[in-house]
Every structure is written in C-alpha cells, then in structure tokens.
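Presented below is the structure to which this report refers.
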Amino acid sequence: MKKKFLFATAFLTGIFTVTNVYALDLEFNSVKDITETGYTVAGYQTVTGDSKDNNVTTTFEIEENELMVIDREKGGESRPEGYDDATWFGIGVKAPTALPSADNACWKIGTSACTPAVKDGQEDDYTLWIPFKADELKEAVAATGEDAVITKEIKIYWNGETEEDSAQTVYVNLHAKNVELTIDPDASGAVEESAKFVEEDREAAIKVYEESIERREEPNAETADINLTLYLSLIAISTLGLGYTLKKRFTNSK
C-alpha cells in the first residue's frame, strides 16, 4: 500500500513538473496591427504597439481622429457577434512556438464568452477584431471628459480557456479626445446612422461631464439648510434637557 502511494505521488509530481516546464518553454509571438494592412475591409486607424514579458502582454494606443464604422458581416468569422455597427481594430498573431496544437484556441473581450480563434489571415495568422461603438464613446466622454480613454482587454487562450498559462493578453486603448466616426460609404443602408459619433455628440458629452463636475463642486443649499436646522434643533434639545436636569436636581435638594 505504501509503495502504491509513493508511486502515485511520484507520478503526480512528474505531471506537474512537466506542465510547469511546458509553460515556461511556451514562447508567444508578437501581435501586429492588421487594421491598415487590410486583411479584411476595416477602415483606417493610427496605432502604436508595445509588447513586453515575452509578448505575453501587448498594448496598443489608438489616437486617430477619424475612424470608420463597418458592418460586422463585411468582416467574416473573426468579428465577434453582438457588434453589428462599430469601428474595428484588427490584430494578427501566430500561435505560440512549441504549442502542439491550437485547436482549442479561443479569445474573449473583457468578460464576454470565449470565441473560437480563426486562422483566416495572411501568413497563417489568427485574426481578431475588436469593436468600438459610438455609444461607448458618448458614455466615456460624458463620464471623463475629452481626455476619456476606452480600454478593451483581450485574452487569447491558445490551449483552451481553462489553461491560464497559455493566455496572451492584448490591451487596446482608444483615446476619445478628437474621435469622429464616419459611415462606410460602401455600406450605406447596412450601417445604422446611430452608429455615428460626430463633433456635435462630442461637444454634448463634454457638456454633460462639465455639468457633473460643477454639481459636485458647488455646495448643496438645501442640504446646508437642513444641516443647519438639525444643528440648531440639537442645541435646543440639549439646552432643554440640561435645564430640566438642573431644575430636577435643584428641586430634589430642597
């Protein structure tokens, strides 16, 4: 019995050791911007990318001031469902080196469901398309002002969602300061007019932000009056209570 226990322990230890070595040997490939190169029609964006930790984490900054809204169906399988009208940022990446198979590869945006990764790009790249919608821009600017940044976290699980060691993370930061969304001229009718975020929208959102700041900074007169009334009432009650106590003690001392 003791020998069986020792054998089982050694076997499990060996499995965990192999797993750790495998994870350390897994080399991630660099993530590239494919939006401008046109793997599929997507409009145009100016971005800079920064990779670190052996490409485990890559961050892109989008600072273009004119972005194009594209209908999802124009882009193919690699665009997630639920974002019919959006401006799309595209990335391309190869599966990690030494990974036996990427059959279980999937990716997710934030807390969304893990979508199967599709190798539909040039040079055998897996392509992912990250959407930004007009209402996201409006809400962000209204909440943070013209310096608002919309951040999307994308995680690519190369060996399945439960294998955290095989995950590669990409952050995309859209700087909303001067953004204006334009409708794809080749998709008139397919893209809704509500998908636009124009200068008028930006100014209105900034106004909402500025008004919210003013409300937070100015004292609330009604609240101040209530607090003053409550304070005076407490003083009056305390005075009456003290007077009653003194009177009672004076009476009892006679």
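Residues are referred to by chain and number: the chain letter is A, B, ... according to the order shown in the structure tokens, the number counts from 1 in that chain, and ligands are numbered separately from 1 in the order shown.
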
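Within 12 Å of A:Gly49, once only C-alpha atoms are used and residues closer than 6 positions along the same chain are dropped, the contacting residues are A:Ser30, A:Val31, A:Lys32, A:Asp33, A:Ile34, A:Asn55, A:Thr57, A:Thr58, A:Thr59, A:Phe60, A:Glu61, A:Ile62, A:Glu63, A:Ile91, A:Val170, A:Tyr171, A:Val172, A:Asn173.
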
Here atom CA of A:Ile109 and atom CA of A:Ser78 stand apart by 12.7 Å

DSSP-assigned alpha helix (DSSP H) members of stretch 21-146 of chain A, reported as an mmCIF file with C-alpha atoms, in the first residue's frame:
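The new file part-v4.cif reads:
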```cif
data_model
loop_
_atom_site.group_PDB
_atom_site.id
_atom_site.type_symbol
_atom_site.label_atom_id
_atom_site.label_comp_id
_atom_site.auth_asym_id
_atom_site.auth_seq_id
_atom_site.Cartn_x
_atom_site.Cartn_y
_atom_site.Cartn_z
ATOM 1 C CA VAL A 21 8.371 23.166 -17.861
ATOM 2 C CA TYR A 22 5.951 23.250 -20.774
ATOM 3 C CA ALA A 23 4.516 26.566 -19.629
ATOM 4 C CA LEU A 24 7.967 28.114 -19.270
ATOM 5 C CA ASP A 25 9.016 26.900 -22.731
ATOM 6 C CA ALA A 134 -20.491 55.152 -30.841
ATOM 7 C CA ASP A 135 -22.445 54.828 -27.583
ATOM 8 C CA GLU A 136 -19.234 53.741 -25.813
ATOM 9 C CA LEU A 137 -17.573 56.955 -26.948
ATOM 10 C CA LYS A 138 -20.522 59.089 -25.822
ATOM 11 C CA GLU A 139 -20.663 57.456 -22.380
ATOM 12 C CA ALA A 140 -16.884 57.643 -21.860
ATOM 13 C CA VAL A 141 -16.611 61.331 -22.781
ATOM 14 C CA ALA A 142 -19.705 62.203 -20.714
ATOM 15 C CA ALA A 143 -18.152 60.452 -17.707
ATOM 16 C CA THR A 144 -14.499 61.507 -18.053
#
```

So that I can check the surroundings of A:Val69, please list as a ChimeraX atom specification every protein, DNA and RNA residue that reaches within 10 Å of it, counting only C-alpha atoms and ignoring chain neighbours fewer than 2 positions away. /A:42-43,66-67,71-72,84-88,131-134,181-185,187,191-193,195-197

One decimal place gives the atom CA of A:Asn159-atom CA of A:Thr97 separation as 12.3 Å

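Residue neighbourhood of A:Pro96, excluding near-sequence residues (fewer than 4 positions): A:Leu26, A:Glu27, A:Phe28, A:Asn29, A:Trp158, at 8 Å, using only C-alpha atoms.
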
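Between atom CA of A:Glu217 and atom CA of A:Val149 the separation is 23.4 Å.
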
Hey, what does DSSP flag as strand (DSSP E) within stretch 53-122 of chain A? Can you give it to me as a PyMOL selection string? chain A and resi 57-62+66-71+85-93+106-109+115-116

Output of the above residues as an mmCIF file, in the first residue's frame, restricted to C-alpha atoms:
```cif
data_model
loop_
_atom_site.group_PDB
_atom_site.id
_atom_site.type_symbol
_atom_site.label_atom_id
_atom_site.label_comp_id
_atom_site.auth_asym_id
_atom_site.auth_seq_id
_atom_site.Cartn_x
_atom_site.Cartn_y
_atom_site.Cartn_z
ATOM 1 C CA THR A 57 1.145 41.384 -22.844
ATOM 2 C CA THR A 58 0.818 43.836 -25.739
ATOM 3 C CA THR A 59 -0.720 47.310 -25.531
ATOM 4 C CA PHE A 60 -1.975 49.368 -28.478
ATOM 5 C CA GLU A 61 -2.796 53.091 -28.347
ATOM 6 C CA ILE A 62 -5.310 54.408 -30.899
ATOM 7 C CA GLU A 66 -11.304 59.819 -37.886
ATOM 8 C CA LEU A 67 -12.448 56.208 -37.705
ATOM 9 C CA MET A 68 -14.778 54.294 -39.994
ATOM 10 C CA VAL A 69 -17.838 52.352 -38.877
ATOM 11 C CA ILE A 70 -18.139 48.981 -40.622
ATOM 12 C CA ASP A 71 -20.963 46.463 -40.590
ATOM 13 C CA ASP A 85 -22.069 48.585 -36.264
ATOM 14 C CA ALA A 86 -18.662 49.520 -34.900
ATOM 15 C CA THR A 87 -15.223 50.753 -35.786
ATOM 16 C CA TRP A 88 -12.933 47.744 -35.711
ATOM 17 C CA PHE A 89 -9.319 47.428 -34.615
ATOM 18 C CA GLY A 90 -7.709 44.327 -36.099
ATOM 19 C CA ILE A 91 -4.792 42.311 -34.751
ATOM 20 C CA GLY A 92 -2.953 39.358 -36.232
ATOM 21 C CA VAL A 93 -0.856 36.824 -34.341
ATOM 22 C CA CYS A 106 -10.341 30.939 -28.206
ATOM 23 C CA TRP A 107 -10.407 34.625 -27.295
ATOM 24 C CA LYS A 108 -12.574 36.936 -25.245
ATOM 25 C CA ILE A 109 -13.152 40.671 -24.831
ATOM 26 C CA THR A 115 -14.981 32.832 -29.101
ATOM 27 C CA PRO A 116 -13.083 30.248 -31.172
#
```
